[in-house]
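Structure below is my_file08.pdb: PDB, C-alpha atoms.
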```pdb
ATOM      1  CA  MET A   1      15.778  21.402   8.291
ATOM      2  CA  THR A   2      17.182  18.565   6.175
ATOM      3  CA  GLU A   3      15.117  16.540   3.712
ATOM      4  CA  GLU A   4      15.531  13.510   5.986
ATOM      5  CA  ASP A   5      14.115  15.417   8.965
ATOM      6  CA  LYS A   6      11.134  16.529   6.901
ATOM      7  CA  ARG A   7      10.372  12.957   5.893
ATOM      8  CA  LYS A   8      10.490  11.719   9.472
ATOM      9  CA  GLN A   9       7.247  13.528  10.240
ATOM     10  CA  TRP A  10       4.158  11.299  10.246
ATOM     11  CA  TYR A  11       0.686  12.393  11.339
ATOM     12  CA  VAL A  12      -2.721  10.856  11.949
ATOM     13  CA  VAL A  13      -5.437  12.603   9.940
ATOM     14  CA  GLN A  14      -9.093  12.083  10.846
ATOM     15  CA  VAL A  15     -11.508  11.774   7.931
ATOM     16  CA  LEU A  16     -15.226  11.165   7.533
ATOM     17  CA  SER A  17     -16.087   7.560   8.325
ATOM     18  CA  GLY A  18     -16.750   5.579   5.178
ATOM     19  CA  GLN A  19     -14.868   8.066   2.981
ATOM     20  CA  GLU A  20     -11.341   6.889   3.720
ATOM     21  CA  HIS A  21     -10.707   5.588   0.188
ATOM     22  CA  LYS A  22     -12.256   8.684  -1.393
ATOM     23  CA  VAL A  23     -10.082  11.047   0.665
ATOM     24  CA  LEU A  24      -7.006   8.907  -0.030
ATOM     25  CA  ASP A  25      -7.622   9.082  -3.789
ATOM     26  CA  ASN A  26      -8.328  12.813  -3.620
ATOM     27  CA  LEU A  27      -5.154  13.559  -1.679
ATOM     28  CA  THR A  28      -3.047  11.377  -3.964
ATOM     29  CA  LYS A  29      -4.344  13.108  -7.098
ATOM     30  CA  ARG A  30      -3.966  16.607  -5.639
ATOM     31  CA  ILE A  31      -0.375  15.919  -4.601
ATOM     32  CA  LYS A  32       0.425  15.447  -8.298
ATOM     33  CA  THR A  33      -1.776  18.146  -9.848
ATOM     34  CA  GLU A  34      -0.787  20.802  -7.292
ATOM     35  CA  GLU A  35       2.857  19.680  -7.222
ATOM     36  CA  MET A  36       2.912  19.057  -3.465
ATOM     37  CA  GLY A  37       5.292  16.110  -3.649
ATOM     38  CA  ASP A  38       7.973  18.081  -1.790
ATOM     39  CA  HIS A  39       5.566  18.645   1.130
ATOM     40  CA  VAL A  40       3.360  15.537   1.294
ATOM     41  CA  PHE A  41       5.350  12.365   0.725
ATOM     42  CA  GLU A  42       3.029   9.422   1.379
ATOM     43  CA  VAL A  43      -0.583   8.748   2.366
ATOM     44  CA  LEU A  44      -1.517   5.400   3.911
ATOM     45  CA  LEU A  45      -4.841   3.715   4.589
ATOM     46  CA  PRO A  46      -3.913   0.666   6.680
ATOM     47  CA  ILE A  47      -6.044  -2.293   5.579
ATOM     48  CA  GLU A  48      -5.865  -6.071   5.829
ATOM     49  CA  THR A  49      -7.419  -8.885   3.818
ATOM     50  CA  VAL A  50      -9.709 -11.127   5.865
ATOM     51  CA  SER A  51     -10.954 -14.544   4.768
ATOM     52  CA  GLU A  52     -14.011 -16.499   5.881
ATOM     53  CA  ILE A  53     -16.459 -19.096   4.657
ATOM     54  CA  LYS A  54     -19.865 -17.924   3.420
ATOM     55  CA  HIS A  55     -22.418 -20.337   2.025
ATOM     56  CA  GLY A  56     -19.737 -22.976   1.648
ATOM     57  CA  LYS A  57     -17.388 -20.713  -0.312
ATOM     58  CA  LYS A  58     -14.213 -18.922   0.706
ATOM     59  CA  THR A  59     -14.570 -15.155   0.517
ATOM     60  CA  GLU A  60     -12.017 -12.414   1.064
ATOM     61  CA  THR A  61     -12.844  -8.899   2.218
ATOM     62  CA  LYS A  62     -10.801  -5.801   2.982
ATOM     63  CA  ARG A  63     -10.915  -4.479   6.540
ATOM     64  CA  LYS A  64      -9.634  -1.091   7.676
ATOM     65  CA  LEU A  65      -7.220  -1.315  10.567
ATOM     66  CA  LEU A  66      -7.929   2.289  11.649
ATOM     67  CA  PRO A  67     -11.464   3.219  10.489
ATOM     68  CA  GLY A  68     -11.870   6.984  10.066
ATOM     69  CA  TYR A  69      -8.141   7.756   9.846
ATOM     70  CA  LEU A  70      -5.332   8.102   7.326
ATOM     71  CA  ILE A  71      -1.620   8.119   8.124
ATOM     72  CA  VAL A  72       0.242  10.870   6.284
ATOM     73  CA  ASN A  73       3.972  11.434   5.892
ATOM     74  CA  MET A  74       4.367  15.191   5.371
ATOM     75  CA  TRP A  75       6.511  18.196   6.159
ATOM     76  CA  LEU A  76       4.210  19.972   8.584
ATOM     77  CA  TRP A  77       6.633  21.500  11.107
ATOM     78  CA  ASP A  78       9.763  23.444  10.215
ATOM     79  CA  GLU A  79      12.584  24.575  12.464
ATOM     80  CA  ARG A  80      14.595  27.781  12.352
ATOM     81  CA  ARG A  81      16.908  29.786  14.586
ATOM     82  CA  ASP A  82      15.648  33.019  16.109
ATOM     83  CA  ASP A  83      17.792  36.084  16.863
ATOM     84  CA  ASN A  84      19.003  34.437  20.075
ATOM     85  CA  GLN A  85      19.949  31.281  18.199
ATOM     86  CA  ARG A  86      17.176  29.312  19.851
ATOM     87  CA  THR A  87      15.348  26.626  17.870
ATOM     88  CA  VAL A  88      11.832  27.720  16.979
ATOM     89  CA  LYS A  89       9.194  25.451  15.425
ATOM     90  CA  GLU A  90       6.837  26.842  12.825
ATOM     91  CA  LEU A  91       3.817  25.278  11.178
ATOM     92  CA  VAL A  92       4.251  24.897   7.403
ATOM     93  CA  GLY A  93       1.117  26.694   6.245
ATOM     94  CA  LYS A  94       1.214  25.341   2.696
ATOM     95  CA  THR A  95       1.009  21.758   3.950
ATOM     96  CA  TRP A  96      -1.481  22.586   6.701
ATOM     97  CA  TYR A  97      -4.042  24.167   4.394
ATOM     98  CA  PHE A  98      -3.475  21.643   1.615
ATOM     99  CA  VAL A  99      -4.538  18.765   3.876
ATOM    100  CA  ARG A 100      -7.195  20.656   5.868
ATOM    101  CA  ASP A 101      -8.904  21.887   2.686
ATOM    102  CA  THR A 102      -9.236  18.396   1.259
ATOM    103  CA  PRO A 103     -12.933  17.371   1.199
ATOM    104  CA  GLY A 104     -13.660  14.715   3.795
ATOM    105  CA  VAL A 105     -10.812  15.692   6.128
ATOM    106  CA  ILE A 106     -11.947  16.503   9.682
ATOM    107  CA  GLY A 107      -8.603  17.438  11.186
ATOM    108  CA  PHE A 108      -5.317  16.288  12.662
ATOM    109  CA  ALA A 109      -4.855  14.139  15.732
ATOM    110  CA  GLY A 110      -3.503  16.244  18.599
ATOM    111  CA  THR A 111      -4.496  19.699  19.720
ATOM    112  CA  LYS A 112      -6.612  21.779  17.358
ATOM    113  CA  ASP A 113      -3.864  24.058  16.027
ATOM    114  CA  HIS A 114      -0.831  22.033  17.031
ATOM    115  CA  PRO A 115      -0.945  18.559  15.403
ATOM    116  CA  THR A 116       1.249  16.052  17.168
ATOM    117  CA  PRO A 117       3.610  13.899  15.073
ATOM    118  CA  MET A 118       3.559  10.156  15.609
ATOM    119  CA  LEU A 119       6.314   8.567  17.649
ATOM    120  CA  PRO A 120       8.886   6.535  15.651
ATOM    121  CA  ALA A 121       7.696   3.319  17.317
ATOM    122  CA  GLU A 122       4.110   4.082  16.250
ATOM    123  CA  VAL A 123       5.210   4.701  12.669
ATOM    124  CA  GLU A 124       7.149   1.438  12.571
ATOM    125  CA  ARG A 125       4.148  -0.478  13.928
ATOM    126  CA  ILE A 126       1.790   0.997  11.321
ATOM    127  CA  GLN A 127       4.235   0.356   8.486
ATOM    128  CA  ALA A 128       4.701  -3.226   9.686
ATOM    129  CA  LEU A 129       0.937  -3.701   9.691
ATOM    130  CA  VAL A 130       0.532  -2.222   6.215
ATOM    131  CA  HIS A 131       3.443  -3.980   4.527
ATOM    132  CA  GLY A 132       2.972  -7.158   6.550
ATOM    133  CA  THR A 133      -0.610  -7.632   5.355
ATOM    134  CA  GLU A 134      -0.132  -6.724   1.682
ATOM    135  CA  ASP A 135       0.464 -10.321   0.649
ATOM    136  CA  LYS A 136      -1.098 -12.135   3.592
ATOM    137  CA  VAL A 137      -4.694 -13.110   4.138
ATOM    138  CA  LYS A 138      -5.836 -13.156   7.739
ATOM    139  CA  PRO A 139      -8.731 -15.199   9.119
ATOM    140  CA  LYS A 140     -11.789 -13.313  10.272
ATOM    141  CA  PHE A 141     -11.399 -14.904  13.694
ATOM    142  CA  SER A 142      -8.356 -15.600  15.836
ATOM    143  CA  PHE A 143      -7.984 -18.993  17.434
ATOM    144  CA  GLU A 144      -6.391 -20.444  20.539
ATOM    145  CA  VAL A 145      -5.458 -23.988  21.529
ATOM    146  CA  GLY A 146      -8.512 -25.600  23.115
ATOM    147  CA  ASP A 147     -11.066 -23.629  21.086
ATOM    148  CA  THR A 148     -14.015 -25.565  19.695
ATOM    149  CA  VAL A 149     -14.431 -24.941  15.971
ATOM    150  CA  LYS A 150     -16.592 -26.138  13.100
ATOM    151  CA  VAL A 151     -15.042 -27.218   9.827
ATOM    152  CA  ALA A 152     -16.553 -25.060   7.067
ATOM    153  CA  ASP A 153     -14.794 -26.508   4.029
ATOM    154  CA  GLY A 154     -13.348 -29.789   2.814
ATOM    155  CA  PRO A 155     -14.139 -33.459   3.471
ATOM    156  CA  PHE A 156     -14.811 -32.817   7.167
ATOM    157  CA  GLN A 157     -17.289 -29.998   6.531
ATOM    158  CA  ASN A 158     -19.792 -29.385   9.378
ATOM    159  CA  GLN A 159     -17.764 -31.524  11.772
ATOM    160  CA  SER A 160     -16.904 -29.965  15.137
ATOM    161  CA  GLY A 161     -13.430 -30.279  16.545
ATOM    162  CA  THR A 162     -10.909 -28.916  19.024
ATOM    163  CA  VAL A 163      -7.870 -26.819  18.124
ATOM    164  CA  GLU A 164      -4.753 -28.739  19.183
ATOM    165  CA  GLU A 165      -1.986 -26.757  17.468
ATOM    166  CA  ILE A 166      -1.640 -23.385  15.739
ATOM    167  CA  ASP A 167       0.883 -22.462  13.053
ATOM    168  CA  PRO A 168       0.463 -18.699  12.521
ATOM    169  CA  GLU A 169       3.334 -18.483  10.020
ATOM    170  CA  ARG A 170       1.651 -20.931   7.635
ATOM    171  CA  GLY A 171      -1.888 -19.934   8.613
ATOM    172  CA  LYS A 172      -2.793 -23.492   9.583
ATOM    173  CA  LEU A 173      -4.504 -25.241  12.467
ATOM    174  CA  ARG A 174      -4.289 -28.845  13.648
ATOM    175  CA  VAL A 175      -7.769 -29.834  14.735
ATOM    176  CA  SER A 176      -8.937 -32.956  16.533
ATOM    177  CA  VAL A 177     -12.060 -34.227  14.745
ATOM    178  CA  SER A 178     -14.155 -37.259  15.684
ATOM    179  CA  ILE A 179     -14.293 -39.692  12.757
ATOM    180  CA  PHE A 180     -16.188 -42.964  13.216
ATOM    181  CA  GLY A 181     -16.000 -42.492  16.968
ATOM    182  CA  ARG A 182     -12.248 -41.905  17.048
ATOM    183  CA  ASN A 183     -10.425 -38.587  17.414
ATOM    184  CA  THR A 184      -8.286 -37.840  14.386
ATOM    185  CA  LEU A 185      -5.909 -34.921  13.886
ATOM    186  CA  VAL A 186      -6.411 -33.029  10.617
ATOM    187  CA  ASP A 187      -4.486 -30.041   9.269
ATOM    188  CA  LEU A 188      -6.668 -27.183   8.072
ATOM    189  CA  GLU A 189      -6.107 -23.631   6.898
ATOM    190  CA  TYR A 190      -7.514 -20.795   8.995
ATOM    191  CA  TRP A 191     -10.198 -19.977   6.468
ATOM    192  CA  GLN A 192     -11.462 -23.581   6.450
ATOM    193  CA  VAL A 193     -12.817 -23.327   9.979
ATOM    194  CA  GLU A 194     -15.125 -21.033  11.892
ATOM    195  CA  ARG A 195     -16.012 -20.600  15.510
ATOM    196  CA  ALA A 196     -18.445 -23.223  16.747
ATOM    197  CA  GLU A 197     -21.696 -21.810  18.048
ATOM    198  CA  PRO A 198     -21.689 -21.877  21.864
ATOM    199  CA  GLU A 199     -23.692 -24.803  23.167
ATOM    200  CA  ALA A 200     -25.810 -22.580  25.385
ATOM    201  CA  GLU A 201     -26.886 -20.504  22.397
ATOM    202  CA  VAL A 202     -27.707 -23.595  20.356
ATOM    203  CA  LYS A 203     -29.980 -24.910  23.121
ATOM    204  CA  SER A 204     -31.732 -21.567  23.551
ATOM    205  CA  GLN A 205     -32.446 -21.404  19.823
ATOM    206  CA  LYS A 206     -33.992 -24.886  19.875
ATOM    207  CA  VAL A 207     -36.394 -24.006  22.682
TER     208      VAL A 207
END
```
Structure rendered as structure tokens:
Amino acid sequence: MTEEDKRKQWYVVQVLSGQEHKVLDNLTKRIKTEEMGDHVFEVLLPIETVSEIKHGKKTETKRKLLPGYLIVNMWLWDERRDDNQRTVKELVGKTWYFVRDTPGVIGFAGTKDHPTPMLPAEVERIQALVHGTEDKVKPKFSFEVGDTVKVADGPFQNQSGTVEEIDPERGKLRVSVSIFGRNTLVDLEYWQVERAEPEAEVKSQKV
């Protein structure tokens, strides 16, 4: 099996919930100390940065895209030719036990003793999510044209308005806000607005 074929293997590894970062750090350190760099190539914890307004201030938090899982690029299956020149797949024990024996690891996605590699399209999607969110901050909520929102920051703070346009590339919204009885369009960043509380809920809370 060529080095390129080895590096094409990606697997989903289940870990204890809440210990994703700890397992990631442990694996990363052990790869170096136990010289496993030729078997385990990369360990990913897909996360994104989410922004919102709390107590009038913009805050940013990290959110796991796949809670309880790590994505690992490793040489786990090897191929050889048997006496009849047929291709036979064999589990690479060194890699298998290295990952399984890491504290916090529950197991591999797939059957118990036959972990299933991710499809190329799945790998590309995960990598796009990871690398696409490294330098982008996403809003806590997603918005659609016609949504009623409340401005949480800026000169129009606490004003309610309606989403008229969405610019996902720039992370901006154009919102129609009533100012002195007239509807005015204002451009706001995602993090400057939040979902307006449904009217029905507001009424029930006042009762």
| said: Translate the PyMOL selection byres ((chain A and resi 28) around 12) into a concrete residue list for this structure, as a ChimeraX atom specification. | reply: /A:21-27,29-37,40-45,70,72,98-99,102
| query | What does the PyMOL selection byres ((chain A and resi 75) around 9) select in this file, as a ChimeraX atom specification? | reply | /A:5-10,38-41,73-74,76-78,92,95
| request: Please write as a VMD selection string the full residue list that the PyMOL selection byres ((chain A and resi 104-116) around 7) yields on this file. | output: chain A and resid 11 to 16 19 23 100 102 to 103 117 to 118
For those residues, write C-alpha atoms to a file as a short mmCIF file (atom, residue, chain, number, x, y, z; two decimals), in the frame of the given file.
```
data_model
loop_
_atom_site.label_atom_id
_atom_site.label_comp_id
_atom_site.auth_asym_id
_atom_site.auth_seq_id
_atom_site.Cartn_x
_atom_site.Cartn_y
_atom_site.Cartn_z
CA TYR A 11 0.69 12.39 11.34
CA VAL A 12 -2.72 10.86 11.95
CA VAL A 13 -5.44 12.60 9.94
CA GLN A 14 -9.09 12.08 10.85
CA VAL A 15 -11.51 11.77 7.93
CA LEU A 16 -15.23 11.16 7.53
CA GLN A 19 -14.87 8.07 2.98
CA VAL A 23 -10.08 11.05 0.66
CA ARG A 100 -7.20 20.66 5.87
CA THR A 102 -9.24 18.40 1.26
CA PRO A 103 -12.93 17.37 1.20
CA PRO A 117 3.61 13.90 15.07
CA MET A 118 3.56 10.16 15.61
#
```
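If all atoms listed in the file are the atoms counted, then among A:Ser176, A:Asn84, A:Asp153, A:Ser160 the closest residue to Thr59 of chain A is A:Asp153.
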| Counting only C-alpha atoms, which of A:Val151, A:Val177, A:Glu60, A:Thr87 gets nearest to Val193 of chain A? | A:Val151
